[in-house]
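K.L.:
Next comes target-v1.cif, mmCIF, C-alpha atoms and all ligand atoms:
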data_model
#
loop_
_atom_site.label_atom_id
_atom_site.label_comp_id
_atom_site.auth_asym_id
_atom_site.auth_seq_id
_atom_site.Cartn_x
_atom_site.Cartn_y
_atom_site.Cartn_z
CA MET A 1 13.12 42.48 45.42
CA LYS A 2 14.90 43.02 48.71
CA ARG A 3 18.53 41.93 49.28
CA VAL A 4 20.19 42.38 52.65
CA TYR A 5 23.85 42.69 53.56
CA ASN A 6 24.41 39.30 55.15
CA PHE A 7 27.32 39.17 57.58
CA SER A 8 26.75 35.52 58.50
CA ALA A 9 29.76 33.33 59.23
CA GLY A 10 28.22 30.63 57.05
CA PRO A 11 26.26 29.79 55.03
CA SER A 12 26.96 33.23 53.69
CA MET A 13 26.51 35.54 50.74
CA LEU A 14 27.12 34.38 47.18
CA PRO A 15 28.05 36.77 44.37
CA MET A 16 24.95 38.29 42.77
CA GLU A 17 26.21 37.36 39.31
CA VAL A 18 26.46 33.71 40.33
CA LEU A 19 22.90 33.68 41.66
CA GLU A 20 21.68 35.31 38.46
CA THR A 21 23.39 32.73 36.26
CA ALA A 22 22.01 29.91 38.40
CA ARG A 23 18.55 31.45 38.05
CA ASP A 24 18.86 31.85 34.29
CA GLU A 25 20.03 28.26 33.89
CA MET A 26 17.59 26.79 36.38
CA LEU A 27 14.92 25.34 34.11
CA ASP A 28 16.98 24.48 31.06
CA TYR A 29 20.70 24.08 31.55
CA LYS A 30 22.35 24.98 28.24
CA GLY A 31 19.71 23.37 26.07
CA SER A 32 19.65 20.08 27.99
CA GLY A 33 15.99 20.64 28.82
CA GLN A 34 16.58 20.04 32.53
CA SER A 35 18.00 21.71 35.59
CA VAL A 36 21.38 20.66 36.95
CA MET A 37 19.47 19.34 40.00
CA GLU A 38 17.65 16.81 37.88
CA MET A 39 20.33 15.44 35.61
CA SER A 40 22.24 12.19 36.03
CA HIS A 41 25.66 12.64 37.56
CA ARG A 42 26.84 10.07 34.99
CA SER A 43 25.59 12.11 32.03
CA LYS A 44 27.90 13.79 29.55
CA VAL A 45 26.46 17.18 30.36
CA TYR A 46 27.17 16.78 34.09
CA ASP A 47 30.61 15.34 33.48
CA GLU A 48 31.46 18.57 31.70
CA ILE A 49 30.18 20.60 34.68
CA ILE A 50 32.26 18.79 37.31
CA LYS A 51 35.37 18.59 35.12
CA THR A 52 35.19 22.30 34.33
CA ALA A 53 34.62 23.12 38.00
CA GLU A 54 37.70 21.15 38.94
CA ALA A 55 39.82 22.69 36.18
CA ASP A 56 38.73 26.21 37.12
CA PHE A 57 39.37 25.53 40.81
CA ARG A 58 42.85 24.25 39.99
CA GLU A 59 43.56 27.33 37.93
CA VAL A 60 42.22 29.82 40.48
CA ALA A 61 43.81 28.16 43.53
CA GLY A 62 47.04 27.31 41.71
CA VAL A 63 46.91 23.58 42.47
CA PRO A 64 50.06 21.75 41.33
CA ASP A 65 49.77 18.60 39.17
CA ASN A 66 50.79 16.27 41.99
CA TYR A 67 47.72 17.21 44.05
CA LYS A 68 44.20 15.83 43.74
CA VAL A 69 41.11 17.95 44.19
CA LEU A 70 38.19 16.08 45.74
CA PHE A 71 34.57 17.23 46.05
CA LEU A 72 33.22 15.44 49.12
CA GLN A 73 30.24 15.53 51.46
CA GLY A 74 29.86 15.49 55.24
CA GLY A 75 31.09 19.03 55.83
CA ALA A 76 34.44 20.08 57.17
CA SER A 77 33.52 18.18 60.35
CA THR A 78 33.76 14.79 58.62
CA GLN A 79 37.36 15.63 57.75
CA PHE A 80 38.10 15.77 61.48
CA ALA A 81 37.83 11.95 61.38
CA MET A 82 38.80 11.28 57.77
CA ILE A 83 42.22 12.92 58.19
CA PRO A 84 43.40 10.68 61.06
CA MET A 85 41.81 7.59 59.51
CA ASN A 86 43.83 8.11 56.34
CA LEU A 87 47.05 9.66 57.63
CA MET A 88 47.70 8.20 61.09
CA LYS A 89 50.14 5.46 60.11
CA ASN A 90 52.05 5.81 63.42
CA LYS A 91 48.85 6.74 65.27
CA VAL A 92 50.36 10.03 66.37
CA ALA A 93 49.50 13.56 65.28
CA ASP A 94 50.22 17.06 66.57
CA TYR A 95 47.49 19.68 66.84
CA ILE A 96 47.68 23.44 67.31
CA VAL A 97 44.48 24.48 69.04
CA THR A 98 43.52 28.05 68.16
CA GLY A 99 39.73 27.88 68.38
CA GLN A 100 36.65 25.69 68.59
CA TRP A 101 37.12 24.10 65.17
CA ALA A 102 40.74 23.14 65.80
CA LYS A 103 39.70 21.84 69.21
CA LYS A 104 36.97 19.68 67.72
CA ALA A 105 39.42 18.29 65.16
CA TRP A 106 41.93 17.54 67.93
CA GLN A 107 39.31 15.82 70.06
CA GLU A 108 38.10 13.72 67.14
CA ALA A 109 41.64 12.62 66.26
CA GLY A 110 41.97 11.31 69.81
CA ASN A 111 39.47 8.60 68.86
CA PHE A 112 41.99 7.15 66.42
CA GLY A 113 45.38 7.55 68.09
CA THR A 114 47.45 9.94 70.15
CA ALA A 115 46.53 13.51 69.34
CA ASN A 116 49.03 15.86 70.99
CA LYS A 117 48.02 19.44 71.67
CA ILE A 118 51.41 21.05 71.00
CA ALA A 119 50.22 24.66 71.30
CA SER A 120 47.05 26.49 72.21
CA SER A 121 45.70 30.00 72.64
CA GLU A 122 42.81 28.98 74.86
CA ASP A 123 44.38 30.81 77.85
CA LYS A 124 43.24 34.13 76.33
CA THR A 125 39.96 33.01 74.75
CA PHE A 126 41.71 32.22 71.46
CA SER A 127 42.38 35.90 70.80
CA TYR A 128 45.82 35.30 69.27
CA ILE A 129 47.91 32.71 67.42
CA PRO A 130 50.70 31.14 69.46
CA ASP A 131 54.32 31.30 68.34
CA VAL A 132 54.66 28.42 65.89
CA SER A 133 58.26 28.89 64.83
CA ASP A 134 59.77 26.21 67.08
CA LEU A 135 57.17 23.87 68.49
CA PRO A 136 57.79 20.51 70.17
CA ILE A 137 56.83 18.51 67.07
CA SER A 138 56.59 14.80 67.93
CA GLU A 139 59.27 12.70 66.29
CA ASP A 140 56.75 10.14 65.05
CA ALA A 141 53.94 12.58 64.21
CA ASP A 142 52.09 11.60 61.05
CA TYR A 143 51.10 15.22 60.50
CA VAL A 144 50.74 18.64 62.09
CA TYR A 145 47.24 20.11 62.06
CA ILE A 146 46.09 23.74 62.03
CA CYS A 147 42.93 25.73 61.45
CA GLN A 148 44.33 28.62 59.46
CA ASN A 149 41.51 31.12 59.91
CA ASN A 150 39.49 30.89 63.10
CA THR A 151 35.94 31.69 62.10
CA ILE A 152 34.56 32.15 65.59
CA TYR A 153 37.38 34.18 67.16
CA GLY A 154 38.51 36.10 64.08
CA THR A 155 42.20 35.25 64.10
CA ARG A 156 44.42 33.93 61.35
CA TYR A 157 47.97 32.64 60.99
CA LYS A 158 50.44 35.20 59.69
CA GLU A 159 52.93 32.44 58.98
CA LEU A 160 52.56 28.71 58.70
CA PRO A 161 54.06 26.63 61.52
CA ASN A 162 57.50 25.15 61.22
CA THR A 163 56.49 21.49 61.08
CA LYS A 164 60.09 20.29 61.04
CA GLY A 165 59.50 18.24 57.94
CA LYS A 166 56.13 16.78 58.97
CA ILE A 167 53.09 16.96 56.73
CA LEU A 168 50.97 20.07 57.27
CA VAL A 169 47.19 19.67 57.29
CA SER A 170 45.13 22.85 57.25
CA ASP A 171 41.45 23.66 57.63
CA VAL A 172 40.93 26.73 55.44
CA SER A 173 37.10 26.68 55.51
CA SER A 174 36.62 30.34 56.37
CA MET A 175 39.40 31.70 54.15
CA PHE A 176 39.06 29.38 51.15
CA LEU A 177 39.95 31.24 47.94
CA SER A 178 40.17 34.59 49.74
CA GLU A 179 43.86 35.01 48.86
CA PRO A 180 46.59 33.07 47.05
CA LEU A 181 48.20 30.26 49.10
CA ASP A 182 51.24 28.17 48.26
CA ILE A 183 49.69 24.71 48.05
CA THR A 184 53.09 22.99 47.95
CA LYS A 185 53.43 23.81 51.67
CA TYR A 186 50.51 21.55 52.55
CA GLY A 187 49.87 17.82 52.57
CA ILE A 188 46.15 18.47 52.81
CA MET A 189 44.25 21.72 52.61
CA TYR A 190 40.51 21.47 52.94
CA GLY A 191 37.35 23.34 53.73
CA GLY A 192 33.59 23.29 53.77
CA VAL A 193 32.49 25.56 50.93
CA GLN A 194 29.60 27.29 52.67
CA LYS A 195 31.77 30.05 54.11
CA ASN A 196 33.47 31.47 51.07
CA VAL A 197 32.99 29.24 48.03
CA GLY A 198 29.45 28.00 47.51
CA PRO A 199 26.29 26.45 48.93
CA ALA A 200 26.57 24.11 51.96
CA GLY A 201 26.99 20.45 51.13
CA VAL A 202 30.42 20.31 49.50
CA THR A 203 33.81 19.93 51.16
CA ILE A 204 36.80 20.51 48.92
CA VAL A 205 39.92 18.54 49.79
CA VAL A 206 43.22 19.34 48.10
CA ILE A 207 45.57 16.45 48.85
CA ARG A 208 49.08 15.57 47.75
CA GLU A 209 48.95 12.40 45.68
CA ASP A 210 51.46 10.41 47.72
CA LEU A 211 49.17 10.70 50.76
CA ILE A 212 46.39 8.84 48.97
CA THR A 213 46.96 5.16 49.76
CA GLU A 214 45.20 1.97 50.76
CA ASP A 215 47.24 2.01 53.95
CA VAL A 216 44.53 3.48 56.19
CA LEU A 217 43.39 2.60 59.70
CA PRO A 218 41.68 -0.82 59.85
CA GLY A 219 37.91 -0.51 59.55
CA THR A 220 37.97 2.80 57.65
CA PRO A 221 34.71 2.86 55.67
CA THR A 222 34.99 2.95 51.87
CA MET A 223 33.37 6.38 51.78
CA LEU A 224 35.96 7.76 54.19
CA LYS A 225 39.03 6.72 52.20
CA TYR A 226 40.53 9.48 50.08
CA LYS A 227 41.55 6.80 47.60
CA THR A 228 37.94 5.88 46.88
CA HIS A 229 37.15 9.40 45.76
CA ALA A 230 40.48 10.11 44.09
CA ASP A 231 40.25 6.94 41.97
CA ASN A 232 36.79 7.94 40.81
CA ASP A 233 37.29 11.67 40.22
CA SER A 234 34.77 12.50 42.99
CA LEU A 235 32.12 10.37 41.26
CA TYR A 236 32.34 7.16 43.29
CA ASN A 237 28.76 7.76 44.38
CA THR A 238 26.28 10.55 43.72
CA PRO A 239 28.06 13.82 44.47
CA PRO A 240 26.29 16.99 45.69
CA ALA A 241 25.83 17.72 42.02
CA TYR A 242 23.98 21.04 42.06
CA ASN A 243 26.20 22.51 44.76
CA ILE A 244 29.33 21.62 42.81
CA TYR A 245 27.79 23.38 39.82
CA VAL A 246 27.27 26.56 41.86
CA CYS A 247 30.86 26.33 43.18
CA GLY A 248 31.91 26.13 39.53
CA LEU A 249 30.09 29.39 38.82
CA VAL A 250 31.92 30.99 41.75
CA PHE A 251 35.29 29.82 40.32
CA LYS A 252 34.38 31.47 37.01
CA TRP A 253 33.42 34.65 38.87
CA LEU A 254 36.81 34.64 40.62
CA LYS A 255 38.62 34.13 37.32
CA LYS A 256 36.77 37.04 35.75
CA LEU A 257 37.58 39.24 38.72
CA GLY A 258 41.28 38.64 38.19
CA GLY A 259 41.93 35.64 40.41
CA LEU A 260 43.03 35.43 44.01
CA THR A 261 45.63 38.20 43.89
CA GLU A 262 42.86 40.61 42.98
CA MET A 263 40.46 39.00 45.46
CA LYS A 264 42.99 39.46 48.24
CA LYS A 265 43.37 43.16 47.45
CA ILE A 266 39.64 43.65 47.67
CA ASN A 267 39.43 41.66 50.90
CA GLU A 268 42.24 43.70 52.45
CA GLU A 269 40.53 46.90 51.45
CA LYS A 270 37.25 45.77 53.02
CA ALA A 271 38.89 44.60 56.23
CA GLU A 272 40.79 47.89 56.52
CA VAL A 273 37.61 49.92 56.34
CA LEU A 274 36.17 48.01 59.28
CA TYR A 275 39.32 47.69 61.39
CA ASP A 276 40.24 51.36 60.92
CA TYR A 277 36.84 52.32 62.18
CA LEU A 278 37.07 49.92 65.16
CA ASP A 279 40.50 51.29 66.09
CA ALA A 280 39.19 54.84 66.08
CA SER A 281 35.85 54.13 67.74
CA LYS A 282 35.22 54.89 71.39
CA LEU A 283 32.19 52.63 71.60
CA PHE A 284 33.17 49.55 69.60
CA LYS A 285 36.33 47.58 69.88
CA GLY A 286 37.89 44.56 68.20
CA THR A 287 38.50 41.53 70.40
CA VAL A 288 41.70 40.02 68.98
CA GLU A 289 45.37 40.94 68.93
CA LYS A 290 45.94 43.18 65.92
CA GLU A 291 48.68 41.21 64.22
CA TYR A 292 46.51 38.08 64.03
CA ARG A 293 43.37 39.74 62.73
CA SER A 294 41.39 37.78 60.18
CA LEU A 295 40.51 39.34 56.84
CA MET A 296 37.26 37.40 56.85
CA ASN A 297 35.72 37.32 60.33
CA VAL A 298 35.72 40.47 62.44
CA PRO A 299 34.47 40.14 66.02
CA PHE A 300 33.83 43.28 68.07
CA VAL A 301 32.04 44.41 71.21
CA THR A 302 30.71 47.46 73.02
CA GLU A 303 31.08 47.83 76.78
CA SER A 304 27.74 46.19 77.57
CA ASP A 305 25.64 43.21 76.54
CA GLU A 306 22.66 45.47 76.46
CA LEU A 307 24.20 47.83 73.91
CA ASN A 308 25.42 44.84 71.86
CA LYS A 309 21.87 43.56 71.70
CA LYS A 310 20.49 46.95 70.79
CA PHE A 311 23.09 47.30 68.04
CA VAL A 312 22.37 43.89 66.53
CA SER A 313 18.66 44.50 66.46
CA GLU A 314 18.86 48.04 65.03
CA ALA A 315 21.37 46.87 62.43
CA GLU A 316 19.05 44.10 61.37
CA ALA A 317 16.19 46.55 60.91
CA GLU A 318 18.48 48.48 58.52
CA GLY A 319 19.30 45.39 56.43
CA PHE A 320 22.62 44.40 58.03
CA VAL A 321 21.83 40.88 59.17
CA ASN A 322 23.53 38.11 61.16
CA LEU A 323 25.86 40.40 63.09
CA LYS A 324 25.36 38.59 66.39
CA GLY A 325 28.61 37.07 67.64
CA HIS A 326 29.08 33.36 68.18
CA ARG A 327 27.41 32.13 71.33
CA SER A 328 30.80 31.34 72.88
CA VAL A 329 32.16 34.90 72.44
CA GLY A 330 29.11 37.16 72.59
CA GLY A 331 29.15 40.65 71.13
CA MET A 332 29.16 41.00 67.37
CA ARG A 333 30.91 39.43 64.43
CA ALA A 334 30.91 40.69 60.86
CA SER A 335 31.95 38.04 58.37
CA ILE A 336 33.09 39.82 55.23
CA TYR A 337 33.79 36.99 52.84
CA ASN A 338 34.60 37.28 49.12
CA ALA A 339 31.01 37.94 48.06
CA MET A 340 30.44 40.83 50.48
CA PRO A 341 30.82 43.98 48.37
CA ILE A 342 32.88 46.84 49.75
CA GLU A 343 29.76 49.03 49.78
CA GLY A 344 28.29 46.61 52.31
CA VAL A 345 31.22 47.18 54.65
CA LYS A 346 31.23 50.94 54.12
CA LYS A 347 27.52 51.16 54.80
CA LEU A 348 27.91 49.03 57.93
CA VAL A 349 30.62 51.38 59.19
CA GLU A 350 28.40 54.40 58.49
CA PHE A 351 25.66 52.74 60.46
CA MET A 352 28.04 51.92 63.34
CA ASP A 353 29.20 55.52 63.39
CA LYS A 354 25.62 56.75 63.58
CA PHE A 355 24.91 54.26 66.36
CA GLU A 356 27.98 55.44 68.22
CA LYS A 357 26.89 59.08 68.03
CA GLU A 358 23.46 58.17 69.34
CA ASN A 359 24.64 55.86 72.10
CA GLY A 360 28.20 56.92 72.93
C1 LIG B 401 32.28 26.14 59.73
C2 LIG B 401 33.61 25.54 59.98
C3 LIG B 401 33.77 24.16 60.18
C4 LIG B 401 32.61 23.20 60.20
O1 LIG B 401 32.08 23.06 58.94
P1 LIG B 401 30.89 22.04 58.61
O2 LIG B 401 30.92 22.02 57.13
O3 LIG B 401 29.66 22.64 59.19
O4 LIG B 401 31.23 20.73 59.22
C5 LIG B 401 35.04 23.67 60.35
N1 LIG B 401 36.11 24.49 60.35
C6 LIG B 401 35.99 25.82 60.19
C7 LIG B 401 37.21 26.66 60.18
C8 LIG B 401 34.74 26.38 59.99
O5 LIG B 401 34.62 27.71 59.82
#
Please express the file's structure as structure tokens.
P.N.:
Amino acid sequence: MKRVYNFSAGPSMLPMEVLETARDEMLDYKGSGQSVMEMSHRSKVYDEIIKTAEADFREVAGVPDNYKVLFLQGGASTQFAMIPMNLMKNKVADYIVTGQWAKKAWQEAGNFGTANKIASSEDKTFSYIPDVSDLPISEDADYVYICQNNTIYGTRYKELPNTKGKILVSDVSSMFLSEPLDITKYGIMYGGVQKNVGPAGVTIVVIREDLITEDVLPGTPTMLKYKTHADNDSLYNTPPAYNIYVCGLVFKWLKKLGGLTEMKKINEEKAEVLYDYLDASKLFKGTVEKEYRSLMNVPFVTESDELNKKFVSEAEAEGFVNLKGHRSVGGMRASIYNAMPIEGVKKLVEFMDKFEKENG
């Protein structure tokens, strides 16, 4: 069997142990005589799977009792519309645009009301996070929106914005469960799971209970109301049942590892290996301002497109795959999510060093 080191931004690596458990339970889940893919989502055996997944998620992420956890479909991108449809009571929201995903969310919100861009880092190709300590928050803003880790550009917030009392909504897709976060600071925290949590097809929304109401924009479809899913414990209709099961295995893996405090330590250690090398290298360099560097997505370049291409292709031949940068940035990007072992990062750095000696 051949396993590569997959540096994809998403879908991305899953922990080996999780894949092995899924394999072992594939044909006969715990004596039920069926796979999780085949069973009714209304069955007792599945109910136990989704309830345990939720309980483990709550424990690992530290979700307070006055928050709901929803397992939804439609990717993080559906939330770009669902958030304004459910929260825009005054039809005004403030957006901080720090990358393509925040920009898409901001543009989508404009279909439902006034979406103000109150700060942006687009002037320098999103290579930093703007000062968010004293922004012109709109008096009647229903919420303030951020994308907390910018997958494409490799930046992350060091501190949350001062929302001046407004509800904070955060897209944490590419940093989900990578470190402990204080959920009480957020009205909604959400993410597609395919970056750091599980197989594509599930979006996890953590939402404060008082934000779940019937008072949504007129015409909001049933499936796009948080209340529909909250009232039915994510079982209003058929959920992405198998994918939720795999997410549940990942939550158990995180618990066993020691939770998010431990996970963060490991992630910091991995990121340091790569950033230290980039800072010392004469051939490769990181593309973002140091203080805003992401722990998860690490973009870097050489001085020429030609060398970038050569690097990506030689790396791939050595089993380091998906290192090509996003089409809007070029160069390279190594996504080193939770499931990427530290050996993967160390071996990548060794390979980069060898490449540098040969091509520097
Ligand atoms: C990947 C990504 C998205 C889009 O996710 P989909 O599930 O494909 O819709 C949104 N936000 C961030 C931060 C992402 O990394």
K.L.:
Report as a PyMOL selection string all protein, DNA and RNA residues lying within 10 Å of Leu348 of chain A, evaluated on only C-alpha atoms, omitting residues in the same chain fewer than 6 positions from it.
P.N.:
chain A and resi 5+7+273-274+315+318-320+334+342+354
K.L.:
So which residues touch segment 186-191 of chain A within 6 Å, counting all atoms listed in the file, skipping near sequence neighbours fewer than 5 positions away, as a PyMOL selection string?
P.N.:
chain A and resi 76+167-173+203-208
K.L.:
Which residues are near ligand LIG 401 (chain B) in this structure, taking near to mean any atom at most 9 Å from a ligand atom and counting all atoms listed in the file? Format them as number ranges by chain.
P.N.:
A: 9-11, 73-80, 99-102, 104-105, 147-152, 171-175, 191-195, 200-203
K.L.:
Which residues of segment 193-288 of chain A have any atom within 7 Å of an atom in segment 297-308 of chain A when counting all atoms listed in the file, and what is the closest pair of atoms for each, with the distance in Å to one decimal? Order the rows by chain and rising number and write it as a tab-separated table.
P.N.:
residue	atom	partner	partner_atom	distance
A:Leu283	CA	A:Thr302	CA	5.6
A:Phe284	CA	A:Thr302	CA	4.7
A:Lys285	CA	A:Phe300	CA	5.3
A:Gly286	CA	A:Phe300	CA	4.3
A:Thr287	CA	A:Phe300	CA	5.5
K.L.:
Find the residues near segment 153-162 of chain A: any atom within 9 Å, counting all atoms listed in the file, skip ones fewer than 4 places away on the same chain, and give them as a VMD selection string.
P.N.:
chain A and resid 98 to 100 125 to 129 131 to 135 137 144 146 to 149 166 168 185 287 to 299 326 329 333 335
K.L.:
Residues within 12 Å of segment 15-18 of chain A, please, as a list in words. Count all atoms listed in the file; anything in the same chain fewer than 5 positions from it doesn't count.
P.N.:
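So the residues in contact are Arg3, Val4, Tyr5, Asn6, Arg23, Asp24, Glu25, Met26, Asn196, Val197, Gly198, Pro199, Tyr245, Val246, Cys247, Gly248, Leu249, Val250, Phe251, Lys252, Trp253, Leu254, Lys256, Leu257, Tyr337, Asn338, Ala339, Met340 and Pro341 of chain A.
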K.L.:
Can you pull out every residue within 8 Å of segment 60-65 of chain A, counting all atoms listed in the file, but drop anything in the same chain fewer than 2 positions away, and send it as a PyMOL selection string?
P.N.:
chain A and resi 56-58+67-68+177+180-184+206+251+254-255+259-260
K.L.:
Take atom CA of Phe176 of chain A and atom CA of Asn267 of chain A and report the distance between them in Å, one decimal.
P.N.:
12.3 Å
K.L.:
Expressed in Å to a single decimal, how great is the separation between atom CA of Glu122 of chain A and atom CA of Lys270 of chain A?
P.N.:
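About the pair atom CA of Glu122 of chain A and atom CA of Lys270 of chain A: they are 28.1 Å apart.
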K.L.:
Find, counting all atoms listed in the file, the residue in A:Glu54, A:Asp123, A:Asp94, A:Asp276 that gets nearest to Asp140 of chain A.
P.N.:
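Residue with the minimum atom-to-atom distance to Asp140 of chain A: A:Asp94.
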K.L.:
Considering all atoms listed in the file, state which residue in the set A:Val345, A:Met37, A:Ala109, A:Ala317 is at the smallest distance from Tyr277 of chain A.
P.N.:
A:Val345
K.L.:
Using all atoms listed in the file, which residue out of A:Ser178, A:Asn237, A:Asn322, A:Thr220 lies closest to Thr261 of chain A?
P.N.:
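When distances to Thr261 of chain A are compared using all atoms listed in the file, the smallest one comes from A:Ser178.
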K.L.:
Hey, can you check how far atom CA of Tyr145 of chain A sits from atom CA of Val97 of chain A?
P.N.:
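We find that atom CA of Tyr145 of chain A and atom CA of Val97 of chain A lie 8.7 Å from each other.
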